[in-house]
file protein.csv (CSV, C-alpha atoms and all ligand atoms)
chain,number,residue,atom,x,y,z
A,16,MET,CA,25.2,-29.8,-6.8
A,17,GLY,CA,25.2,-29.9,-10.6
A,18,GLN,CA,26.0,-26.8,-12.7
A,19,ASN,CA,22.4,-26.4,-13.7
A,20,GLN,CA,21.1,-26.5,-10.2
A,21,GLN,CA,23.8,-24.1,-9.1
A,22,GLN,CA,22.8,-21.6,-11.8
A,23,GLN,CA,19.2,-21.9,-10.8
A,24,SER,CA,19.8,-21.3,-7.2
A,25,GLN,CA,21.9,-18.3,-8.0
A,26,LYS,CA,19.0,-16.7,-9.7
A,27,ILE,CA,16.9,-16.6,-6.6
A,28,ILE,CA,17.9,-13.4,-4.9
A,29,THR,CA,15.7,-12.3,-2.0
A,30,ILE,CA,15.5,-8.7,-0.9
A,31,GLU,CA,17.4,-9.5,2.3
A,32,ARG,CA,20.3,-11.1,0.3
A,33,HIS,CA,20.4,-8.2,-2.1
A,34,VAL,CA,20.4,-5.5,0.6
A,35,LEU,CA,23.1,-7.4,2.5
A,36,GLN,CA,25.2,-7.8,-0.7
A,37,THR,CA,24.9,-4.0,-1.3
A,38,GLN,CA,25.8,-3.3,2.3
A,39,ARG,CA,29.0,-5.3,2.0
A,40,LEU,CA,30.3,-2.9,-0.6
A,41,TYR,CA,30.4,-0.2,2.1
A,42,PRO,CA,32.7,-1.2,5.0
A,43,GLU,CA,31.5,1.8,7.0
A,44,ALA,CA,27.8,0.5,6.9
A,45,THR,CA,26.4,-0.5,10.2
A,46,GLY,CA,23.5,-2.6,8.9
A,47,ARG,CA,20.9,-0.3,10.4
A,48,LEU,CA,19.8,1.0,7.0
A,49,THR,CA,19.6,-2.6,5.8
A,50,ASN,CA,17.4,-3.4,8.7
A,51,LEU,CA,15.2,-0.4,8.1
A,52,LEU,CA,14.7,-1.6,4.5
A,53,TYR,CA,13.7,-5.1,5.8
A,54,ASP,CA,11.2,-3.4,8.2
A,55,LEU,CA,9.7,-1.6,5.2
A,56,ALA,CA,9.6,-4.8,3.1
A,57,LEU,CA,7.8,-6.5,6.0
A,58,ALA,CA,5.3,-3.6,6.2
A,59,GLY,CA,4.8,-4.0,2.5
A,60,LYS,CA,4.0,-7.7,2.8
A,61,TYR,CA,1.5,-6.9,5.6
A,62,ILE,CA,-0.2,-4.1,3.7
A,63,ALA,CA,-0.3,-6.3,0.5
A,64,SER,CA,-2.0,-9.1,2.5
A,65,LYS,CA,-4.7,-6.6,3.7
A,66,THR,CA,-5.3,-4.8,0.4
A,67,SER,CA,-5.7,-8.1,-1.5
A,68,ARG,CA,-8.4,-9.2,1.0
A,69,ALA,CA,-9.9,-5.7,1.5
A,70,GLY,CA,-13.4,-6.6,0.0
A,71,LEU,CA,-13.6,-9.8,2.0
A,72,ALA,CA,-12.4,-8.3,5.3
A,73,GLN,CA,-14.8,-5.3,5.0
A,74,ILE,CA,-12.1,-2.8,5.2
A,75,LEU,CA,-13.1,-0.8,2.1
A,76,GLY,CA,-14.6,2.6,2.4
A,77,HIS,CA,-14.0,5.7,4.6
A,78,THR,CA,-13.3,5.9,8.3
A,79,GLY,CA,-15.5,9.0,8.5
A,80,GLN,CA,-12.5,11.2,9.3
A,81,THR,CA,-10.7,13.7,7.1
A,82,ASN,CA,-6.9,14.1,7.2
A,83,VAL,CA,-4.7,17.2,7.4
A,84,GLN,CA,-5.0,17.5,3.6
A,85,GLY,CA,-8.8,17.8,3.9
A,86,GLU,CA,-9.1,14.4,2.2
A,87,LYS,CA,-11.4,11.6,3.4
A,88,VAL,CA,-9.4,9.0,5.2
A,89,MET,CA,-10.0,5.5,3.9
A,90,LYS,CA,-9.9,2.5,6.3
A,91,LEU,CA,-6.9,1.1,4.4
A,92,ASP,CA,-5.0,4.4,4.6
A,93,GLN,CA,-5.3,4.2,8.4
A,94,LEU,CA,-4.4,0.5,8.5
A,95,ALA,CA,-1.3,1.0,6.3
A,96,ASP,CA,-0.2,4.1,8.3
A,97,GLN,CA,-0.5,2.2,11.6
A,98,ALA,CA,1.2,-0.9,10.3
A,99,ILE,CA,4.3,1.1,9.2
A,100,PHE,CA,4.5,2.8,12.6
A,101,ASP,CA,4.0,-0.3,14.6
A,102,LEU,CA,6.6,-2.3,12.7
A,103,ILE,CA,9.3,0.3,13.1
A,104,ASP,CA,8.6,2.5,16.2
A,105,HIS,CA,10.5,0.2,18.7
A,106,THR,CA,13.5,-0.7,16.6
A,107,GLY,CA,15.9,2.0,17.7
A,108,ARG,CA,16.6,2.8,14.0
A,109,LEU,CA,14.5,6.0,13.7
A,110,ALA,CA,14.7,9.4,15.4
A,111,VAL,CA,11.3,10.5,14.1
A,112,MET,CA,8.7,9.8,11.4
A,113,ALA,CA,6.3,11.9,9.3
A,114,SER,CA,3.3,10.6,7.4
A,115,GLU,CA,1.0,12.2,4.9
A,116,GLU,CA,-1.8,11.1,7.2
A,117,HIS,CA,-0.5,13.0,10.3
A,118,GLU,CA,-0.7,16.7,10.9
A,119,ASN,CA,2.5,16.8,12.9
A,120,LEU,CA,5.7,14.8,13.3
A,121,ILE,CA,5.3,11.3,14.6
A,122,PRO,CA,7.7,11.0,17.6
A,123,ILE,CA,9.2,7.7,18.7
A,124,PRO,CA,7.5,6.6,21.9
A,125,GLU,CA,9.7,7.6,24.9
A,126,LYS,CA,10.0,4.0,26.1
A,127,TYR,CA,12.0,3.2,22.9
A,128,PRO,CA,15.5,4.3,21.9
A,129,CYS,CA,16.0,6.9,19.1
A,130,GLY,CA,18.1,6.0,16.1
A,131,GLU,CA,20.0,7.9,13.4
A,132,TYR,CA,17.5,7.8,10.6
A,133,VAL,CA,14.3,9.7,9.7
A,134,LEU,CA,11.4,8.1,7.8
A,135,LEU,CA,8.8,10.0,5.7
A,136,PHE,CA,6.0,8.1,4.1
A,137,ASP,CA,2.8,8.1,2.2
A,138,PRO,CA,1.2,5.0,3.6
A,139,LEU,CA,-1.3,4.3,0.8
A,140,ASP,CA,-1.0,6.5,-2.2
A,141,GLY,CA,-3.8,6.6,-4.7
A,142,SER,CA,-6.5,6.0,-2.0
A,143,SER,CA,-9.3,7.3,-4.2
A,144,ASN,CA,-8.8,4.0,-6.2
A,145,ILE,CA,-8.9,1.6,-3.3
A,146,ASP,CA,-12.6,0.8,-3.5
A,147,TYR,CA,-12.3,0.0,-7.2
A,148,ASN,CA,-9.6,-2.6,-7.0
A,149,VAL,CA,-7.1,-0.4,-8.8
A,150,SER,CA,-3.4,-0.6,-7.9
A,151,VAL,CA,-2.3,1.6,-5.0
A,152,GLY,CA,1.1,2.0,-3.3
A,153,THR,CA,3.3,3.0,-0.4
A,154,ILE,CA,6.1,5.6,-0.9
A,155,PHE,CA,9.0,6.2,1.5
A,156,ALA,CA,12.0,8.4,1.9
A,157,ILE,CA,14.9,7.9,4.4
A,158,HIS,CA,17.2,10.6,5.6
A,159,ARG,CA,20.0,10.6,8.2
A,160,ARG,CA,19.0,12.8,11.1
A,161,LYS,CA,20.6,16.3,11.3
A,162,THR,CA,20.3,16.8,15.0
A,163,SER,CA,22.8,14.7,17.0
A,164,GLN,CA,20.7,13.3,19.8
A,165,GLY,CA,17.3,13.0,21.6
A,166,PRO,CA,14.0,12.9,19.8
A,167,GLY,CA,14.1,13.9,16.1
A,168,THR,CA,12.8,17.4,15.2
A,169,MET,CA,11.4,19.3,12.3
A,170,ALA,CA,14.9,20.1,11.2
A,171,ASP,CA,15.5,16.4,10.7
A,172,ILE,CA,12.4,16.1,8.6
A,173,LEU,CA,12.7,19.2,6.4
A,174,GLN,CA,15.7,18.1,4.4
A,175,PRO,CA,16.0,18.5,0.6
A,176,GLY,CA,15.7,15.3,-1.4
A,177,ARG,CA,19.4,15.5,-2.4
A,178,THR,CA,20.4,14.4,1.1
A,179,MET,CA,18.2,11.2,1.0
A,180,VAL,CA,20.0,8.0,1.8
A,181,ALA,CA,17.3,5.8,0.4
A,182,ALA,CA,13.9,5.9,-1.1
A,183,GLY,CA,11.4,3.5,-2.6
A,184,TYR,CA,7.9,2.4,-3.1
A,185,ILE,CA,5.7,-0.7,-2.9
A,186,VAL,CA,3.0,-1.2,-5.6
A,187,TYR,CA,0.0,-3.3,-4.6
A,188,GLY,CA,-1.1,-4.4,-8.1
A,189,ALA,CA,-1.6,-7.6,-10.0
A,190,SER,CA,1.5,-8.5,-8.1
A,191,THR,CA,3.2,-6.7,-5.2
A,192,MET,CA,6.5,-5.0,-6.1
A,193,PHE,CA,9.1,-3.4,-3.8
A,194,VAL,CA,11.3,-0.9,-5.7
A,195,TYR,CA,14.1,0.9,-3.9
A,196,SER,CA,17.4,2.8,-4.3
A,197,THR,CA,20.2,3.6,-1.8
A,198,GLY,CA,21.8,5.8,-4.3
A,199,HIS,CA,23.4,3.1,-6.4
A,200,GLY,CA,20.8,2.4,-9.0
A,201,VAL,CA,17.3,1.1,-8.7
A,202,ASP,CA,16.3,-2.5,-8.1
A,203,GLY,CA,12.8,-4.0,-8.2
A,204,PHE,CA,11.5,-7.1,-6.4
A,205,THR,CA,8.3,-9.0,-6.8
A,206,LEU,CA,6.6,-10.7,-3.9
A,207,ASP,CA,6.3,-14.4,-4.4
A,208,PRO,CA,3.1,-15.1,-2.4
A,209,ASP,CA,3.9,-18.8,-2.1
A,210,ILE,CA,7.1,-18.2,-0.1
A,211,GLY,CA,6.2,-14.8,1.2
A,212,GLU,CA,9.5,-13.2,0.0
A,213,PHE,CA,10.4,-10.4,-2.3
A,214,LEU,CA,12.6,-11.8,-5.1
A,215,LEU,CA,14.8,-9.7,-7.4
A,216,THR,CA,13.0,-9.5,-10.7
A,217,HIS,CA,14.1,-6.1,-12.1
A,218,PRO,CA,17.8,-5.5,-11.4
A,219,ASN,CA,19.3,-2.1,-12.3
A,220,ILE,CA,16.2,-0.4,-13.7
A,221,ARG,CA,16.9,2.3,-16.3
A,222,ILE,CA,14.1,4.4,-17.8
A,223,PRO,CA,14.1,3.3,-21.5
A,224,GLU,CA,14.2,5.6,-24.6
A,225,PRO,CA,12.3,6.4,-26.6
A,226,PRO,CA,9.4,7.0,-24.2
A,227,GLN,CA,5.9,5.6,-24.9
A,228,TYR,CA,3.5,7.3,-22.5
A,229,TYR,CA,2.4,10.6,-21.0
A,230,SER,CA,0.3,10.6,-17.8
A,231,ALA,CA,-1.7,13.5,-16.6
A,232,ASN,CA,-5.3,14.3,-15.5
A,233,GLN,CA,-6.4,16.1,-18.7
A,234,GLY,CA,-9.8,16.6,-17.1
A,235,TYR,CA,-8.2,19.7,-15.5
A,236,GLN,CA,-6.7,21.0,-18.8
A,237,SER,CA,-8.9,24.1,-18.8
A,238,LEU,CA,-7.3,25.0,-15.4
A,239,TRP,CA,-3.7,24.6,-16.7
A,240,SER,CA,-1.4,27.4,-17.9
A,241,PRO,CA,-1.0,27.9,-21.7
A,242,SER,CA,2.6,26.5,-21.5
A,243,VAL,CA,1.5,23.2,-19.9
A,244,VAL,CA,-1.3,22.9,-22.6
A,245,ALA,CA,1.3,23.6,-25.3
A,246,TYR,CA,3.6,21.0,-23.7
A,247,THR,CA,0.7,18.5,-23.8
A,248,HIS,CA,0.2,19.2,-27.5
A,249,TRP,CA,3.9,18.6,-28.0
A,250,LEU,CA,3.6,15.2,-26.3
A,251,GLN,CA,0.7,14.5,-28.5
A,252,GLY,CA,2.8,15.1,-31.6
A,253,ILE,CA,0.9,18.3,-32.5
A,254,GLY,CA,2.5,21.5,-33.8
A,255,SER,CA,6.2,21.9,-33.3
A,256,SER,CA,6.7,18.2,-32.3
A,257,ASN,CA,9.1,16.2,-34.4
A,258,HIS,CA,7.9,12.8,-33.0
A,259,ASP,CA,4.8,10.6,-33.1
A,260,ALA,CA,2.1,11.0,-30.5
A,261,LEU,CA,2.8,9.4,-27.1
A,262,SER,CA,0.0,7.2,-25.8
A,263,GLN,CA,-1.8,8.5,-22.7
A,264,ARG,CA,-2.1,6.4,-19.6
A,265,TYR,CA,-3.4,7.8,-16.3
A,266,VAL,CA,-4.6,5.6,-13.4
A,267,GLY,CA,-4.7,8.3,-10.8
A,268,SER,CA,-2.3,6.4,-8.4
A,269,LEU,CA,1.0,8.2,-8.7
A,270,VAL,CA,3.0,5.1,-7.7
A,271,THR,CA,1.3,3.1,-10.4
A,272,ASP,CA,1.6,5.7,-13.1
A,273,PHE,CA,5.2,6.4,-12.2
A,274,HIS,CA,6.1,2.7,-12.1
A,275,ARG,CA,4.7,2.1,-15.6
A,276,ASN,CA,6.5,5.0,-17.0
A,277,MET,CA,9.7,4.0,-15.4
A,278,LEU,CA,9.6,0.6,-17.0
A,279,ALA,CA,8.2,1.6,-20.4
A,280,GLY,CA,9.5,5.2,-20.7
A,281,GLY,CA,7.2,8.2,-20.2
A,282,VAL,CA,6.4,11.3,-18.2
A,283,TYR,CA,3.9,11.8,-15.4
A,284,TYR,CA,2.9,15.4,-14.6
A,285,TYR,CA,0.6,17.1,-12.1
A,286,PRO,CA,1.2,20.8,-12.8
A,287,ALA,CA,0.1,23.8,-10.9
A,288,ASP,CA,-3.4,25.0,-12.0
A,289,ILE,CA,-5.8,27.7,-11.2
A,290,GLU,CA,-7.3,25.8,-8.3
A,291,HIS,CA,-4.0,24.3,-7.1
A,292,PRO,CA,-1.3,27.0,-7.5
A,293,GLN,CA,1.2,24.7,-5.8
A,294,GLY,CA,0.0,21.6,-7.5
A,295,LYS,CA,-1.5,18.7,-5.6
A,296,LEU,CA,1.3,16.3,-4.7
A,297,ARG,CA,3.2,16.5,-1.5
A,298,LEU,CA,6.9,17.3,-1.8
A,299,LEU,CA,8.2,15.2,1.1
A,300,TYR,CA,6.1,12.0,0.8
A,301,GLU,CA,5.5,11.7,-2.9
A,302,ALA,CA,7.5,14.0,-5.2
A,303,ALA,CA,11.0,13.8,-3.5
A,304,PRO,CA,11.2,10.0,-3.0
A,305,LEU,CA,10.1,9.3,-6.5
A,306,ALA,CA,12.4,12.0,-7.8
A,307,PHE,CA,15.3,10.2,-6.1
A,308,ILE,CA,14.3,6.9,-7.8
A,309,ALA,CA,13.8,8.6,-11.2
A,310,GLU,CA,17.3,10.2,-11.1
A,311,GLN,CA,18.8,6.9,-10.1
A,312,ALA,CA,17.1,5.3,-13.1
A,313,GLY,CA,18.5,7.9,-15.4
A,314,GLY,CA,15.4,10.2,-15.4
A,315,LEU,CA,14.6,13.5,-13.9
A,316,ALA,CA,11.9,15.2,-11.8
A,317,SER,CA,11.2,18.9,-11.8
A,318,ASN,CA,8.6,21.4,-10.5
A,319,GLY,CA,8.9,23.1,-14.0
A,320,HIS,CA,11.8,25.2,-12.9
A,321,ASP,CA,14.1,23.3,-10.5
A,322,SER,CA,15.0,19.8,-9.8
A,323,ILE,CA,12.6,18.4,-7.1
A,324,LEU,CA,15.7,17.1,-5.2
A,325,ASP,CA,17.1,20.6,-4.8
A,326,ILE,CA,14.0,22.1,-3.2
A,327,GLN,CA,14.5,23.0,0.4
A,328,PRO,CA,11.2,22.1,2.1
A,329,GLU,CA,9.7,24.8,4.3
A,330,LYS,CA,6.8,22.9,5.8
A,331,LEU,CA,5.7,19.3,6.4
A,332,HIS,CA,2.8,19.1,4.0
A,333,GLN,CA,4.3,21.3,1.3
A,334,ARG,CA,2.9,20.7,-2.2
A,335,THR,CA,4.7,21.0,-5.5
A,336,PRO,CA,4.0,20.8,-9.2
A,337,LEU,CA,5.6,17.6,-10.5
A,338,PHE,CA,7.0,16.5,-13.9
A,339,ILE,CA,8.8,13.2,-13.6
A,340,GLY,CA,10.1,10.5,-16.0
A,341,ASN,CA,12.5,10.4,-18.9
A,342,ARG,CA,15.0,13.2,-18.7
A,343,SER,CA,14.3,14.4,-22.3
A,344,LEU,CA,10.6,14.8,-21.6
A,345,VAL,CA,11.1,16.6,-18.2
A,346,THR,CA,13.6,19.1,-19.6
A,347,LYS,CA,11.2,19.7,-22.5
A,348,ALA,CA,8.5,20.6,-20.0
A,349,GLU,CA,10.9,23.0,-18.3
A,350,LYS,CA,11.6,24.7,-21.6
A,351,PHE,CA,7.9,25.2,-22.3
A,352,ILE,CA,7.3,26.6,-18.9
A,353,ASN,CA,10.3,28.9,-18.8
A,354,ASN,CA,9.8,30.3,-22.3
B,1,LIG,P1,-3.4,10.6,-2.3
B,1,LIG,O1,-2.1,10.5,-1.6
B,1,LIG,O2,-4.5,11.2,-1.4
B,1,LIG,O3,-3.9,9.3,-2.8
B,1,LIG,O4,-3.4,11.7,-3.5
B,1,LIG,C1,-2.4,11.6,-4.4
B,1,LIG,C2,-2.9,11.1,-5.7
B,1,LIG,C3,-1.9,10.5,-6.6
B,1,LIG,O5,-1.6,9.2,-6.4
B,1,LIG,C4,-2.5,10.7,-8.0
B,1,LIG,O6,-1.5,10.7,-9.0
B,1,LIG,C5,-3.2,12.0,-7.8
B,1,LIG,O7,-3.5,12.1,-6.4
B,1,LIG,C6,-4.5,11.9,-8.5
B,1,LIG,O8,-5.2,13.1,-8.4
B,1,LIG,P2,-6.4,13.5,-9.3
B,1,LIG,O9,-7.5,12.6,-8.9
B,1,LIG,O10,-6.7,14.9,-9.1
B,1,LIG,O11,-6.0,13.2,-10.8
B,2,MG,MG,-0.4,10.1,-2.0

call {"tool": "encode", "arguments": {"input": "protein.csv", "output": "structure tokens", "more": "lines below"}}
Ligand code: AHM
Ligand code: MG
result
Amino acid sequence: MGQNQQQQSQKIITIERHVLQTQRLYPEATGRLTNLLYDLALAGKYIASKTSRAGLAQILGHTGQTNVQGEKVMKLDQLADQAIFDLIDHTGRLAVMASEEHENLIPIPEKYPCGEYVLLFDPLDGSSNIDYNVSVGTIFAIHRRKTSQGPGTMADILQPGRTMVAAGYIVYGASTMFVYSTGHGVDGFTLDPDIGEFLLTHPNIRIPEPPQYYSANQGYQSLWSPSVVAYTHWLQGIGSSNHDALSQRYVGSLVTDFHRNMLAGGVYYYPADIEHPQGKLRLLYEAAPLAFIAEQAGGLASNGHDSILDIQPEKLHQRTPLFIGNRSLVTKAEKFINN
């Protein structure tokens, strides 16, 4: 093989190869986490294939049910939720799962062995956008189980983000991307639809400075606290700001808004407001996994007072205010809120 050919082939790094290479750095690794990440990548490919054909396959719209959050369940929510469960329930890698779409824990069926990990996921985040062909995403968090044997329990699920062993998300957008971290930086892969593989396109992602964007639903500004409004003015370059206005971008799919801000620099926030005193977003399936990614990319996530990763969850569907993105912008939010 000539040198040019060799250089070219070295550039093609599939997600499998990348996860394996990372695993080799840790002699104690058993490969089970690696396999769990493959399972999730496969689920991502499956969900991507369905979301991209949703209009044709008549799977847009609601199922007619509401979930535990009181939100309408979309057909694609259900499909994504079932796909993740079906692709992983029998592998012996998980002790228990939890999903934004289920009121209770999701046990591993008795006929299958229980493993050492715990998976929490939001199967299809941003579902209000599904019918309008706007990007949506899957978010996941992986912990090691706390209990030693048998079916996993609530104690295995209710762990602070700090103890996560891996987290990631899949964006179903103009292209499908799988972004994950096992605590050694953040890497992003783009699905090549011709070969059906995720290829490494964004190695070692770091949130750039200076930031460009802020993302929040300003339709609710009249419900926000004065400190969050003051912070927003600061982001807009008004008053005490010593910088130009940041541009606003808000899609309303957390994964998409977060992903853009991670690549371009920016902050996403969904604060507490009069109608949502705990904010809207779920700690376990949305805030904590993205907080893990943000910190690994040099950023920060906070509820306005504490790091999201330090919060000890008390219940499955706990909500939290969220400020996430460039460290400088998130600490500024904390200053406004705590003044
Ligand atoms: P979902 O998990 O039901 O889709 O809800 C979470 C979504 C986030 O993706 C998004 O950032 C937020 O809710 C949008 O909420 P709003 O429409 O109030 O701005
Ligand atoms: Mg969600």

call {"tool": "residues_near_point", "arguments": {"input": "protein.csv", "point": "(11.8, 17.8, -4.0)", "cutoff": "10 Å", "atoms": "all atoms listed in the file", "output": "PyMOL selection string"}}
result
chain A and resi 174-177+297-307+316-318+321-328+333-337

call {"tool": "closest_residue", "arguments": {"input": "protein.csv", "among": "A:Ala189, A:Leu91, A:Leu134, A:Val34", "to": "ligand LIG 1 (chain B)", "atoms": "all atoms listed in the file"}}
result
A:Leu91

call {"tool": "residues_near_ligand", "arguments": {"input": "protein.csv", "ligand": "ligand LIG 1 (chain B)", "cutoff": "7 Å", "atoms": "all atoms listed in the file", "output": "VMD selection string"}}
result
chain A and resid 86 137 139 to 143 232 267 to 270 295 to 296

call {"tool": "closest_residue", "arguments": {"input": "protein.csv", "among": "A:Gly152, A:Gly188, A:Gly46, A:Gly281", "to": "ligand MG 2 (chain B)", "atoms": "all atoms listed in the file"}}
result
A:Gly152

call {"tool": "residues_around", "arguments": {"input": "protein.csv", "residues": "A:Pro128", "least_positions_apart": "2", "cutoff": "9 Å", "atoms": "all atoms listed in the file", "output": "ChimeraX atom specification"}}
result
/A:105-110,123-126,130,165-166

call {"tool": "closest_residue", "arguments": {"input": "protein.csv", "among": "A:Val201, A:Ile154, A:Asp207, A:Glu131", "to": "ligand MG 2 (chain B)", "atoms": "all atoms listed in the file"}}
result
A:Ile154

call {"tool": "residues_around", "arguments": {"input": "protein.csv", "residues": "A:Leu75", "least_positions_apart": "5", "cutoff": "10 Å", "atoms": "all atoms listed in the file", "output": "PyMOL selection string"}}
result
chain A and resi 66+68-70+89-92+145-148

call {"tool": "closest_residue", "arguments": {"input": "protein.csv", "among": "A:Thr81, A:Thr162, A:Gln227, A:Thr168", "to": "A:Ala279", "atoms": "all atoms listed in the file"}}
result
A:Gln227

call {"tool": "closest_residue", "arguments": {"input": "protein.csv", "among": "A:Pro241, A:Gly85, A:Gly203, A:Gly280", "to": "A:Ile30", "atoms": "only C-alpha atoms"}}
result
A:Gly203

call {"tool": "residues_around", "arguments": {"input": "protein.csv", "residues": "A:Val88", "least_positions_apart": "5", "cutoff": "9 Å", "atoms": "all atoms listed in the file", "output": "VMD selection string"}}
result
chain A and resid 76 to 82 93 116 142

call {"tool": "atom_distance", "arguments": {"input": "protein.csv", "atom1": "atom CA of A:Ser230", "atom2": "atom CA of A:Ala287"}}
result
14.9 Å
